[in-house]
file start21.csv (CSV, C-alpha atoms)
chain,number,residue,atom,x,y,z
A,1,MET,CA,-21.2,-32.6,9.3
A,2,LYS,CA,-24.9,-33.1,9.9
A,3,ILE,CA,-26.2,-33.8,13.4
A,4,GLU,CA,-29.4,-35.6,12.8
A,5,LYS,CA,-31.9,-37.3,15.1
A,6,SER,CA,-29.8,-40.2,16.5
A,7,LYS,CA,-26.7,-38.2,17.0
A,8,LEU,CA,-28.6,-35.2,18.5
A,9,THR,CA,-30.4,-37.5,20.9
A,10,GLU,CA,-27.1,-39.1,21.9
A,11,ARG,CA,-25.6,-35.7,22.6
A,12,LEU,CA,-28.6,-34.5,24.5
A,13,VAL,CA,-28.7,-37.6,26.7
A,14,GLU,CA,-25.0,-37.0,27.4
A,15,LYS,CA,-25.5,-33.3,28.2
A,16,SER,CA,-28.8,-33.5,30.2
A,17,GLY,CA,-28.5,-36.8,31.9
A,18,LEU,CA,-32.0,-37.6,30.8
A,19,ALA,CA,-32.9,-41.0,29.3
A,20,SER,CA,-33.0,-41.3,25.5
A,21,ASP,CA,-36.8,-41.7,25.3
A,22,GLU,CA,-37.2,-38.7,27.6
A,23,VAL,CA,-35.1,-36.6,25.3
A,24,GLU,CA,-37.0,-37.7,22.3
A,25,LYS,CA,-40.3,-36.9,24.0
A,26,HIS,CA,-39.1,-33.5,25.0
A,27,LEU,CA,-38.0,-32.8,21.4
A,28,LYS,CA,-41.4,-33.8,20.1
A,29,VAL,CA,-43.2,-31.7,22.6
A,30,LEU,CA,-41.0,-28.7,21.8
A,31,THR,CA,-41.5,-28.9,18.1
A,32,GLY,CA,-45.2,-29.4,18.5
A,33,GLN,CA,-45.4,-26.4,20.8
A,34,ILE,CA,-43.5,-24.2,18.4
A,35,HIS,CA,-45.8,-25.1,15.5
A,36,LYS,CA,-49.0,-24.7,17.6
A,37,THR,CA,-47.9,-21.2,18.8
A,38,VAL,CA,-46.8,-19.8,15.5
A,39,GLU,CA,-49.8,-21.1,13.7
A,40,LYS,CA,-51.9,-18.9,16.0
A,41,GLY,CA,-49.9,-16.0,14.7
A,42,LYS,CA,-47.8,-15.8,17.8
A,43,ALA,CA,-44.1,-16.1,18.5
A,44,LEU,CA,-42.5,-18.6,20.8
A,45,GLU,CA,-39.3,-17.8,22.6
A,46,VAL,CA,-37.1,-20.7,23.6
A,47,LYS,CA,-35.0,-19.2,26.4
A,48,GLY,CA,-31.4,-18.8,25.5
A,49,LEU,CA,-31.9,-20.1,22.0
A,50,GLY,CA,-34.2,-17.7,20.1
A,51,LEU,CA,-37.6,-16.8,18.8
A,52,PHE,CA,-39.7,-18.9,16.4
A,53,TYR,CA,-42.4,-17.1,14.4
A,54,HIS,CA,-44.3,-17.1,11.1
A,55,SER,CA,-43.5,-14.9,8.2
A,56,GLU,CA,-46.4,-13.3,6.3
A,57,ASP,CA,-46.4,-16.2,3.9
A,58,LEU,CA,-46.6,-18.6,6.8
A,59,GLU,CA,-43.0,-19.7,6.6
A,60,LEU,CA,-41.4,-20.7,9.9
A,61,LEU,CA,-38.7,-18.3,10.9
A,62,PHE,CA,-36.1,-18.3,13.7
A,63,GLU,CA,-34.3,-15.4,15.2
A,64,PRO,CA,-31.4,-16.5,17.4
A,65,ALA,CA,-31.1,-15.0,20.9
A,66,GLU,CA,-28.4,-12.3,21.0
A,67,GLU,CA,-26.3,-14.3,23.4
A,68,PHE,CA,-26.6,-17.5,21.3
A,69,ALA,CA,-25.7,-15.6,18.1
A,70,THR,CA,-22.7,-14.1,19.8
A,71,GLU,CA,-21.5,-17.4,21.1
A,72,VAL,CA,-21.7,-18.9,17.6
A,73,ASN,CA,-19.9,-15.9,16.2
A,74,TYR,CA,-17.3,-16.0,19.0
A,75,GLN,CA,-14.4,-15.6,16.7
A,76,TYR,CA,-15.5,-12.2,15.4
A,77,ALA,CA,-17.6,-11.0,18.2
A,78,GLY,CA,-16.9,-7.3,19.0
A,79,MET,CA,-15.4,-6.5,15.6
A,80,GLU,CA,-16.6,-3.2,14.3
A,81,PRO,CA,-16.5,-1.9,10.7
A,82,VAL,CA,-13.2,-0.2,10.0
A,83,GLU,CA,-13.0,2.9,7.9
A,84,VAL,CA,-10.7,2.3,4.9
A,85,GLU,CA,-8.3,5.2,4.4
A,86,THR,CA,-9.1,6.8,1.1
A,87,GLY,CA,-7.5,10.2,1.7
A,88,ARG,CA,-4.3,9.5,-0.3
A,89,PRO,CA,-4.3,11.6,-3.4
A,90,SER,CA,-3.8,9.3,-6.4
A,91,SER,CA,-1.9,10.5,-9.4
A,92,ARG,CA,-5.3,10.5,-11.2
A,93,SER,CA,-6.9,12.8,-8.7
A,94,THR,CA,-3.8,15.1,-8.7
A,95,ALA,CA,-4.1,15.3,-12.4
A,96,ALA,CA,-7.8,16.0,-12.1
A,97,LYS,CA,-7.0,18.8,-9.6
A,98,GLN,CA,-4.4,20.2,-11.9
A,99,GLU,CA,-6.8,20.4,-14.9
A,100,PRO,CA,-8.4,23.7,-13.9
A,101,TYR,CA,-5.0,25.1,-13.2
A,102,ASP,CA,-3.9,24.2,-16.7
A,103,LEU,CA,-6.9,25.9,-18.1
A,104,ALA,CA,-6.2,29.0,-16.1
A,105,SER,CA,-2.6,29.1,-17.0
A,106,ALA,CA,-3.6,28.5,-20.6
A,107,GLY,CA,-5.7,31.7,-20.2
A,108,VAL,CA,-2.7,33.6,-18.9
A,109,ALA,CA,-0.5,32.1,-21.7
A,110,SER,CA,-3.1,33.1,-24.2
A,111,GLU,CA,-2.5,36.8,-23.3
A,112,LYS,CA,1.0,36.4,-24.6
A,113,SER,CA,0.5,34.0,-27.4
A,114,GLU,CA,-2.6,35.8,-28.8
A,115,GLU,CA,-0.4,38.8,-29.5
A,116,LYS,CA,0.3,37.0,-32.7
A,117,GLY,CA,-3.2,35.5,-33.0
A,118,SER,CA,-6.5,36.9,-34.2
A,119,LYS,CA,-8.3,39.9,-32.7
A,120,SER,CA,-11.0,37.8,-31.0
A,121,SER,CA,-8.2,35.8,-29.3
A,122,VAL,CA,-6.7,39.0,-28.0
A,123,LYS,CA,-10.1,39.9,-26.5
A,124,GLN,CA,-10.2,36.6,-24.7
A,125,GLY,CA,-6.9,37.3,-23.2
A,126,LYS,CA,-7.8,40.8,-22.0
A,127,SER,CA,-9.0,40.3,-18.5
A,128,GLY,CA,-9.0,37.8,-15.6
A,129,LYS,CA,-11.7,35.3,-14.9
A,130,SER,CA,-14.2,36.1,-17.7
A,131,ALA,CA,-11.4,35.9,-20.2
A,132,SER,CA,-10.3,32.5,-18.9
A,133,LYS,CA,-13.9,31.3,-19.0
A,134,LYS,CA,-14.1,32.4,-22.6
A,135,ALA,CA,-10.8,30.7,-23.3
A,136,LYS,CA,-12.2,27.5,-21.8
A,137,LYS,CA,-15.2,27.7,-24.1
A,138,ALA,CA,-13.1,28.8,-27.1
A,139,ALA,CA,-10.4,26.2,-26.6
A,140,PRO,CA,-12.3,23.2,-27.9
A,141,GLY,CA,-13.5,25.1,-31.0
A,142,ARG,CA,-10.0,26.2,-31.8
A,143,LYS,CA,-8.7,22.7,-31.3
A,144,SER,CA,-11.3,21.2,-33.6
A,145,ALA,CA,-10.9,23.9,-36.2
A,146,ALA,CA,-7.1,23.5,-36.5
A,147,GLY,CA,-7.1,19.9,-35.6
A,148,THR,CA,-4.2,20.6,-33.2
A,149,PRO,CA,-3.9,21.9,-29.7
A,150,SER,CA,-4.3,25.7,-29.3
A,151,PRO,CA,-1.1,27.8,-29.3
A,152,SER,CA,-1.5,28.6,-25.6
A,153,ARG,CA,-1.6,24.9,-24.8
A,154,ARG,CA,1.4,24.3,-27.0
A,155,ARG,CA,3.3,27.0,-25.1
A,156,VAL,CA,2.4,25.5,-21.8
A,157,ALA,CA,3.5,22.1,-23.1
A,158,LYS,CA,6.7,23.6,-24.4
A,159,SER,CA,7.6,25.3,-21.2
A,160,GLU,CA,6.9,22.1,-19.3
A,161,LYS,CA,9.1,20.3,-21.8
A,162,ASP,CA,11.9,22.9,-21.3
A,163,SER,CA,11.7,22.6,-17.5
A,164,ILE,CA,11.9,18.8,-17.8
A,165,MET,CA,14.9,19.0,-20.1
A,166,ASN,CA,16.6,21.4,-17.6
A,167,LEU,CA,15.9,18.9,-14.9
A,168,VAL,CA,17.3,16.1,-17.0
A,169,TYR,CA,20.5,18.1,-17.7
A,170,THR,CA,20.9,18.9,-14.1
A,171,VAL,CA,20.5,15.3,-13.1
A,172,ILE,CA,23.0,14.2,-15.8
A,173,THR,CA,25.5,16.8,-14.6
A,174,ILE,CA,25.2,15.7,-11.0
A,175,ALA,CA,25.6,12.1,-12.0
A,176,VAL,CA,28.8,12.8,-14.0
A,177,LEU,CA,30.2,14.8,-11.1
A,178,ALA,CA,29.4,12.0,-8.7
A,179,VAL,CA,31.0,9.3,-10.9
A,180,THR,CA,34.1,11.5,-11.3
A,181,LEU,CA,34.3,11.9,-7.5
A,182,ILE,CA,33.9,8.2,-6.9
A,183,TYR,CA,36.5,7.4,-9.6
A,184,VAL,CA,38.9,9.9,-7.9
A,185,LEU,CA,38.3,8.4,-4.5
A,186,ASP,CA,39.0,4.9,-5.8
A,187,LEU,CA,42.3,6.2,-7.2
A,188,ASN,CA,43.1,7.8,-4.0
A,189,GLU,CA,42.4,4.7,-2.0
A,190,SER,CA,44.7,2.6,-4.2
A,191,GLY,CA,47.2,5.5,-4.6
A,192,PRO,CA,48.8,5.5,-1.2
A,193,GLY,CA,49.4,1.8,-1.5
A,194,PRO,CA,52.8,0.2,-2.1
A,195,GLU,CA,53.8,2.8,-4.6
A,196,PRO,CA,53.6,6.3,-3.3
A,197,SER,CA,55.4,7.1,-6.4
A,198,ALA,CA,55.5,10.6,-7.7
A,199,SER,CA,54.3,13.9,-6.6
A,200,GLU,CA,52.0,13.8,-9.6
A,201,GLU,CA,50.1,10.9,-8.0
A,202,ALA,CA,49.8,12.7,-4.7
A,203,ALA,CA,48.5,15.7,-6.4
A,204,ARG,CA,45.9,13.8,-8.4
A,205,PRO,CA,43.2,13.9,-5.7
A,206,GLU,CA,43.3,17.7,-5.6
A,207,GLN,CA,42.6,18.0,-9.2
A,208,PRO,CA,39.0,17.0,-9.0
A,209,ALA,CA,38.6,19.3,-6.1
A,210,GLU,CA,39.6,22.1,-8.3
A,211,SER,CA,37.8,20.9,-11.2
A,212,MET,CA,34.6,20.5,-9.3
A,213,PRO,CA,32.5,23.4,-10.3
A,214,ALA,CA,30.7,25.2,-7.6
A,215,PRO,CA,27.2,25.3,-8.9
A,216,ASP,CA,26.0,27.1,-5.9
A,217,GLY,CA,29.1,29.1,-5.2
A,218,SER,CA,30.0,27.1,-2.1
A,219,GLY,CA,31.1,24.0,-3.8
A,220,GLU,CA,34.8,24.6,-3.7
A,221,SER,CA,35.1,24.5,0.0
A,222,SER,CA,32.7,21.6,0.4
A,223,SER,CA,34.3,19.5,-2.3
A,224,GLU,CA,37.6,20.1,-0.7
A,225,THR,CA,36.3,18.8,2.5
A,226,ALA,CA,34.9,15.7,0.9
A,227,VAL,CA,38.2,15.0,-1.0
A,228,GLY,CA,40.2,15.9,2.1
A,229,ALA,CA,38.2,13.5,4.2
A,230,SER,CA,38.7,10.7,1.7
A,231,SER,CA,42.4,11.4,1.4
A,232,THR,CA,42.9,10.6,5.0
A,233,GLU,CA,43.1,6.9,5.2
A,234,GLU,CA,41.1,6.4,8.3
A,235,GLY,CA,38.3,8.7,7.3
A,236,SER,CA,38.1,7.3,3.8
A,237,ASP,CA,37.9,3.7,5.1
A,238,GLU,CA,35.2,4.6,7.5
A,239,GLU,CA,33.2,6.3,5.0
A,240,ALA,CA,33.7,3.9,2.2
A,241,GLU,CA,33.0,0.8,4.3
A,242,ALA,CA,30.2,2.3,6.4
A,243,PRO,CA,27.4,1.1,4.1
A,244,SER,CA,28.7,-2.5,3.9
A,245,LEU,CA,29.1,-2.6,7.7
A,246,GLU,CA,25.4,-1.8,8.2
A,247,GLU,CA,23.3,-4.6,9.7
A,248,PRO,CA,20.6,-5.8,7.3
A,249,VAL,CA,17.6,-3.7,8.2
A,250,PRO,CA,14.5,-5.8,9.1
A,251,LEU,CA,11.6,-5.4,6.7
A,252,ARG,CA,9.1,-2.8,8.0
A,253,TYR,CA,6.1,-4.8,6.8
A,254,GLY,CA,5.4,-8.4,6.3
A,255,LEU,CA,3.6,-11.6,7.5
A,256,MET,CA,6.5,-13.5,9.0
A,257,GLY,CA,9.3,-12.7,11.3
A,258,GLU,CA,9.6,-10.5,14.3
A,259,THR,CA,6.9,-8.0,15.1
A,260,ILE,CA,8.2,-4.5,14.7
A,261,GLU,CA,7.3,-1.4,16.8
A,262,LEU,CA,5.6,0.7,14.2
A,263,GLU,CA,4.6,4.2,14.6
A,264,GLY,CA,1.6,5.3,12.6
A,265,ARG,CA,-1.1,3.3,10.9
A,266,TYR,CA,-0.8,-0.2,9.7
A,267,TYR,CA,-3.0,-3.2,9.1
A,268,THR,CA,-3.0,-6.8,10.4
A,269,ILE,CA,-4.8,-10.0,9.6
A,270,VAL,CA,-7.1,-10.6,12.6
A,271,LEU,CA,-7.6,-14.3,13.3
A,272,HIS,CA,-9.2,-14.1,16.8
A,273,SER,CA,-11.3,-11.8,18.9
A,274,MET,CA,-11.4,-12.9,22.5
A,275,SER,CA,-12.8,-11.6,25.7
A,276,GLN,CA,-10.0,-13.1,27.8
A,277,LYS,CA,-6.6,-11.5,27.6
A,278,LEU,CA,-4.8,-14.6,28.7
A,279,ARG,CA,-6.3,-16.7,26.0
A,280,ALA,CA,-5.5,-14.0,23.4
A,281,GLU,CA,-1.9,-13.9,24.7
A,282,GLU,CA,-1.6,-17.7,24.4
A,283,GLU,CA,-2.9,-17.6,20.9
A,284,ALA,CA,-0.6,-14.8,20.0
A,285,GLY,CA,2.3,-16.8,21.4
A,286,ARG,CA,1.4,-19.9,19.4
A,287,LEU,CA,1.3,-17.9,16.2
A,288,ARG,CA,4.7,-16.3,17.1
A,289,ASP,CA,6.1,-19.7,17.6
A,290,ASN,CA,4.9,-20.6,14.1
A,291,GLY,CA,7.0,-17.8,12.7
A,292,TYR,CA,4.3,-15.1,12.3
A,293,ARG,CA,4.5,-11.5,13.4
A,294,ASP,CA,1.9,-11.5,16.1
A,295,VAL,CA,-0.2,-8.4,16.9
A,296,LEU,CA,-2.3,-8.3,20.0
A,297,TYR,CA,-4.5,-5.3,20.6
A,298,GLN,CA,-7.5,-4.3,22.7
A,299,VAL,CA,-10.8,-3.0,21.4
A,300,ASP,CA,-13.6,-1.6,23.5
A,301,SER,CA,-17.0,-2.6,22.1
A,302,GLU,CA,-20.2,-1.2,23.4
A,303,ASP,CA,-22.0,-4.5,22.9
A,304,HIS,CA,-19.3,-6.9,24.1
A,305,GLY,CA,-17.1,-4.9,26.4
A,306,THR,CA,-13.3,-5.3,26.1
A,307,MET,CA,-12.2,-7.6,23.4
A,308,TRP,CA,-8.6,-8.8,22.6
A,309,ARG,CA,-7.8,-9.3,19.0
A,310,VAL,CA,-5.0,-11.5,17.8
A,311,GLY,CA,-3.6,-10.7,14.4
A,312,ILE,CA,-0.7,-11.8,12.2
A,313,GLY,CA,1.5,-9.7,10.0
A,314,GLN,CA,2.0,-6.0,9.7
A,315,PHE,CA,1.0,-4.4,6.4
A,316,GLU,CA,1.2,-0.9,4.9
A,317,THR,CA,-2.1,-1.1,3.2
A,318,ILE,CA,-5.4,-3.0,3.6
A,319,GLU,CA,-5.0,-4.4,0.1
A,320,LYS,CA,-1.6,-6.0,0.9
A,321,ALA,CA,-3.0,-7.4,4.1
A,322,GLN,CA,-5.9,-8.9,2.2
A,323,GLN,CA,-3.6,-10.3,-0.4
A,324,ALA,CA,-1.5,-12.1,2.2
A,325,ALA,CA,-4.6,-13.2,4.1
A,326,GLU,CA,-6.2,-14.9,1.1
A,327,GLU,CA,-3.3,-17.3,0.9
A,328,LEU,CA,-3.9,-18.4,4.5
A,329,ASP,CA,-7.0,-20.3,3.5
A,330,ARG,CA,-8.9,-19.6,6.8
A,331,PRO,CA,-11.4,-17.0,7.9
A,332,PHE,CA,-9.9,-13.6,8.6
A,333,PHE,CA,-10.6,-10.0,9.0
A,334,VAL,CA,-8.2,-7.2,8.3
A,335,GLY,CA,-7.9,-4.9,11.3
A,336,ARG,CA,-6.4,-1.4,11.4
A,337,ILE,CA,-3.9,-0.6,14.1
A,338,GLN,CA,-3.8,3.1,15.3
B,1,MET,CA,-40.8,-28.7,34.8
B,2,GLU,CA,-37.2,-29.1,36.1
B,3,LYS,CA,-36.5,-31.7,33.4
B,4,GLU,CA,-37.9,-29.5,30.8
B,5,LYS,CA,-35.5,-26.7,31.8
B,6,GLU,CA,-32.6,-29.2,31.9
B,7,PHE,CA,-33.6,-30.3,28.4
B,8,ILE,CA,-33.8,-26.8,27.0
B,9,HIS,CA,-30.4,-26.0,28.6
B,10,ALA,CA,-28.9,-29.1,27.1
B,11,LEU,CA,-30.4,-28.4,23.7
B,12,ARG,CA,-28.9,-24.9,23.7
B,13,GLU,CA,-25.5,-26.2,24.7
B,14,VAL,CA,-25.4,-29.0,22.2
B,15,MET,CA,-26.5,-26.7,19.4
B,16,ARG,CA,-23.9,-24.1,20.4
B,17,GLU,CA,-21.1,-26.7,20.5
B,18,GLU,CA,-22.0,-28.3,17.3
B,19,MET,CA,-22.5,-25.0,15.4
B,20,ILE,CA,-19.2,-23.6,16.6
B,21,GLN,CA,-17.6,-26.7,14.9
B,22,LYS,CA,-19.5,-25.7,11.8
B,23,ASN,CA,-21.9,-28.7,12.1
B,24,THR,CA,-25.5,-28.5,11.0
B,25,VAL,CA,-28.1,-29.4,13.6
B,26,VAL,CA,-31.2,-31.0,12.2
B,27,ILE,CA,-34.3,-31.1,14.5
B,28,GLN,CA,-36.9,-33.4,13.0
B,29,GLY,CA,-40.2,-31.7,12.5
B,30,LEU,CA,-38.7,-28.2,12.8
B,31,GLY,CA,-35.8,-27.6,10.4
B,32,ARG,CA,-32.0,-27.3,10.3
B,33,PHE,CA,-29.7,-24.8,12.0
B,34,GLU,CA,-26.5,-23.9,10.3
B,35,ASN,CA,-23.4,-21.8,10.9
B,36,VAL,CA,-22.9,-19.7,7.8
B,37,HIS,CA,-19.7,-17.8,7.5
B,38,GLU,CA,-20.0,-14.4,5.8
B,39,GLN,CA,-16.8,-12.9,4.4
B,40,GLN,CA,-15.7,-9.4,5.2
B,41,LYS,CA,-16.9,-6.9,2.7
B,42,GLN,CA,-16.5,-3.3,1.7
B,43,LYS,CA,-19.3,-0.9,2.0
B,44,THR,CA,-19.4,2.7,0.8
B,45,THR,CA,-21.6,5.2,2.5
B,46,GLU,CA,-23.5,7.9,0.7
B,47,GLU,CA,-20.8,10.3,1.8
B,48,GLY,CA,-18.3,8.2,0.0
B,49,LYS,CA,-16.6,6.8,3.0
B,50,VAL,CA,-15.4,3.2,2.5
B,51,TYR,CA,-15.8,0.8,5.4
B,52,MET,CA,-14.5,-2.7,5.8
B,53,VAL,CA,-17.3,-4.7,7.4
B,54,PRO,CA,-15.9,-7.6,9.5
B,55,PRO,CA,-16.8,-11.2,8.7
B,56,ARG,CA,-19.2,-13.1,11.0
B,57,ASP,CA,-20.5,-16.6,11.6
B,58,ARG,CA,-24.3,-16.3,11.4
B,59,VAL,CA,-27.0,-18.7,12.7
B,60,VAL,CA,-29.2,-19.6,9.7
B,61,PHE,CA,-32.4,-21.5,10.2
B,62,THR,CA,-34.1,-23.4,7.3
B,63,PRO,CA,-37.6,-24.8,8.1
B,64,GLU,CA,-38.1,-28.4,7.4
B,65,LYS,CA,-40.1,-28.0,4.2
B,66,ARG,CA,-37.3,-26.1,2.6
B,67,ALA,CA,-34.7,-28.4,4.1
B,68,GLU,CA,-36.3,-31.4,2.4
B,69,GLU,CA,-36.2,-29.7,-1.0
call {"tool": "encode", "arguments": {"input": "start21.csv", "output": "structure tokens"}}
result
Amino acid sequence: MKIEKSKLTERLVEKSGLASDEVEKHLKVLTGQIHKTVEKGKALEVKGLGLFYHSEDLELLFEPAEEFATEVNYQYAGMEPVEVETGRPSSRSTAAKQEPYDLASAGVASEKSEEKGSKSSVKQGKSGKSASKKAKKAAPGRKSAAGTPSPSRRRVAKSEKDSIMNLVYTVITIAVLAVTLIYVLDLNESGPGPEPSASEEAARPEQPAESMPAPDGSGESSSETAVGASSTEEGSDEEAEAPSLEEPVPLRYGLMGETIELEGRYYTIVLHSMSQKLRAEEEAGRLRDNGYRDVLYQVDSEDHGTMWRVGIGQFETIEKAQQAAEELDRPFFVGRIQ
Amino acid sequence: MEKEKEFIHALREVMREEMIQKNTVVIQGLGRFENVHEQQKQKTTEEGKVYMVPPRDRVVFTPEKRAEE
């Protein structure tokens, strides 16, 4: 909305108690004085409002007084730039870090693989750093000549593949064992029901205990304990039902709901920065009543003293906070807590 | 003199109140005063540190010649 001459005069009359024509006269005098002063190459300060002056190309400029600028910027006054955490190693940076390691290990591998290779390759593999440096230089040539990765690289890749395969087998074995155990436990639970039939049935739970291999050599006793615990009705019920009895855990991060005491760093969408704690608390309460997680925290600013910031939501990363904030359709700032 | 002071005080108060409400104040013969909102932005220092610069509401003055354009 534009406040032009008539509206401005009306508001000034209301504020100053002066007559309308007096206000108009004062406005005229003020603008005349400003132009007169700046045309002389000087600056004119209107107390509490700011400084008027000319630029080099004689354009009228205005610099608001600090207090006036702060009052207009009251919502964000006292906010300081926040350092964004960039320390987390990404998978890309990890890969980049591993690259020299691969080359070095390729050098080591070349010592073994070059036994079959050419003489020059054996020379490369002879000693430590210089050899690996040479290997680095030689590697691209070999690759382009053969059109395939060097043998040393293949070997590294193969050993990586082997270790992955081993891991996969281990995981599958554990999964099969776990499924067997669950199956046996289920049988055991339904077993002591109305038909405690034969001794075969009763003996069934012990079978898996025996059949459970002990990969680490201690499995036998531990698997017995597990089966034994499940064979006692009370124990098995408690253990089996424990997960379903758990209360739904409130989400650690989010925009709505109850504010959670979080240890460590998190981010919030700051909507207000206020110098009065009481006002900030009122605002936080209003937001809480509207279903938001309210976050109230104190910031000491050199320029503005103690400020109270009111935020909504608790977010793990600044990006998630920004994403949520953009949907709010109002000015915001993402603040970091702790 | 006293009236002049009262006037300047009133002018400052009216401008502050109007600009907080995002209204543009136009003073004939001088120019217009606006409250311009600047979004928060990321800045990277030479050392590679990334900072989130807070948003702000800034007083922007446009002299009358430009305001008329």
call {"tool": "interface_residues", "arguments": {"input": "start21.csv", "of": "chain A", "to": "chain B", "cutoff": "7 Å", "atoms": "all atoms listed in the file", "output": "PyMOL selection string"}}
result
chain A and resi 1-5+11-12+15-16+31+48-49+60+62+64+69+72-73+76+79-84+333
call {"tool": "closest_residue", "arguments": {"input": "start21.csv", "among": "A:Leu51, A:Ile34, A:Ala280, A:Ile164", "to": "A:Val310", "atoms": "all atoms listed in the file"}}
result
A:Ala280
call {"tool": "atom_distance", "arguments": {"input": "start21.csv", "atom1": "atom CA of A:Ser6", "atom2": "atom CA of A:Val23"}}
result
10.9 Å
call {"tool": "closest_residue", "arguments": {"input": "start21.csv", "among": "A:Lys25, A:Ala77, A:Ile269, A:Arg336", "to": "A:Glu302", "atoms": "only C-alpha atoms"}}
result
A:Ala77
call {"tool": "atom_distance", "arguments": {"input": "start21.csv", "atom1": "atom CA of A:Thr268", "atom2": "atom CA of A:Thr70"}}
result
23.0 Å
call {"tool": "atom_distance", "arguments": {"input": "start21.csv", "atom1": "atom CA of A:Glu326", "atom2": "atom CA of A:Gln314"}}
result
14.8 Å
call {"tool": "closest_residue", "arguments": {"input": "start21.csv", "among": "A:Phe315, A:Phe332, A:Tyr292, A:Trp308", "to": "A:Arg265", "atoms": "all atoms listed in the file"}}
result
A:Phe315
call {"tool": "decode", "arguments": {"input": "start21.csv", "residues": "stretch 9-27 of chain B", "atoms": "N, CA and C atoms", "output": "mmCIF file, in the first residue's frame"}}
result
data_model
loop_
_atom_site.group_PDB
_atom_site.id
_atom_site.type_symbol
_atom_site.label_atom_id
_atom_site.label_comp_id
_atom_site.auth_asym_id
_atom_site.auth_seq_id
_atom_site.Cartn_x
_atom_site.Cartn_y
_atom_site.Cartn_z
ATOM 1 N N HIS B 9 9.567 14.263 14.805
ATOM 2 C CA HIS B 9 9.300 13.067 15.616
ATOM 3 C C HIS B 9 8.101 12.294 15.064
ATOM 4 N N ALA B 10 7.068 13.055 14.709
ATOM 5 C CA ALA B 10 5.860 12.425 14.166
ATOM 6 C C ALA B 10 6.160 11.767 12.823
ATOM 7 N N LEU B 11 6.946 12.459 12.000
ATOM 8 C CA LEU B 11 7.292 11.916 10.681
ATOM 9 C C LEU B 11 8.026 10.574 10.828
ATOM 10 N N ARG B 12 8.952 10.552 11.746
ATOM 11 C CA ARG B 12 9.721 9.326 11.979
ATOM 12 C C ARG B 12 8.797 8.183 12.449
ATOM 13 N N GLU B 13 7.906 8.512 13.367
ATOM 14 C CA GLU B 13 6.996 7.500 13.904
ATOM 15 C C GLU B 13 6.042 6.956 12.844
ATOM 16 N N VAL B 14 5.500 7.889 12.057
ATOM 17 C CA VAL B 14 4.559 7.469 10.997
ATOM 18 C C VAL B 14 5.287 6.596 9.979
ATOM 19 N N MET B 15 6.477 7.016 9.601
ATOM 20 C CA MET B 15 7.233 6.229 8.608
ATOM 21 C C MET B 15 7.561 4.845 9.158
ATOM 22 N N ARG B 16 7.961 4.789 10.400
ATOM 23 C CA ARG B 16 8.295 3.499 11.007
ATOM 24 C C ARG B 16 7.067 2.570 11.016
ATOM 25 N N GLU B 17 5.949 3.114 11.500
ATOM 26 C CA GLU B 17 4.728 2.308 11.595
ATOM 27 C C GLU B 17 4.259 1.801 10.232
ATOM 28 N N GLU B 18 4.321 2.708 9.259
ATOM 29 C CA GLU B 18 3.859 2.322 7.925
ATOM 30 C C GLU B 18 4.796 1.309 7.278
ATOM 31 N N MET B 19 6.080 1.522 7.466
ATOM 32 C CA MET B 19 7.045 0.629 6.817
ATOM 33 C C MET B 19 7.062 -0.749 7.465
ATOM 34 N N ILE B 20 6.802 -0.806 8.746
ATOM 35 C CA ILE B 20 6.712 -2.119 9.408
ATOM 36 C C ILE B 20 5.557 -2.918 8.799
ATOM 37 N N GLN B 21 4.521 -2.182 8.419
ATOM 38 C CA GLN B 21 3.371 -2.848 7.780
ATOM 39 C C GLN B 21 3.578 -3.034 6.278
ATOM 40 N N LYS B 22 4.825 -2.865 5.856
ATOM 41 C CA LYS B 22 5.216 -3.053 4.448
ATOM 42 C C LYS B 22 4.597 -2.016 3.516
ATOM 43 N N ASN B 23 4.197 -0.893 4.069
ATOM 44 C CA ASN B 23 3.650 0.170 3.217
ATOM 45 C C ASN B 23 4.778 1.057 2.704
ATOM 46 N N THR B 24 4.564 1.611 1.533
ATOM 47 C CA THR B 24 5.545 2.525 0.940
ATOM 48 C C THR B 24 5.126 3.959 1.265
ATOM 49 N N VAL B 25 6.082 4.723 1.792
ATOM 50 C CA VAL B 25 5.771 6.113 2.135
ATOM 51 C C VAL B 25 6.337 7.021 1.047
ATOM 52 N N VAL B 26 5.458 7.821 0.468
ATOM 53 C CA VAL B 26 5.891 8.735 -0.593
ATOM 54 C C VAL B 26 5.863 10.164 -0.064
ATOM 55 N N ILE B 27 7.020 10.829 -0.125
ATOM 56 C CA ILE B 27 7.075 12.241 0.267
ATOM 57 C C ILE B 27 7.280 13.053 -1.007
#
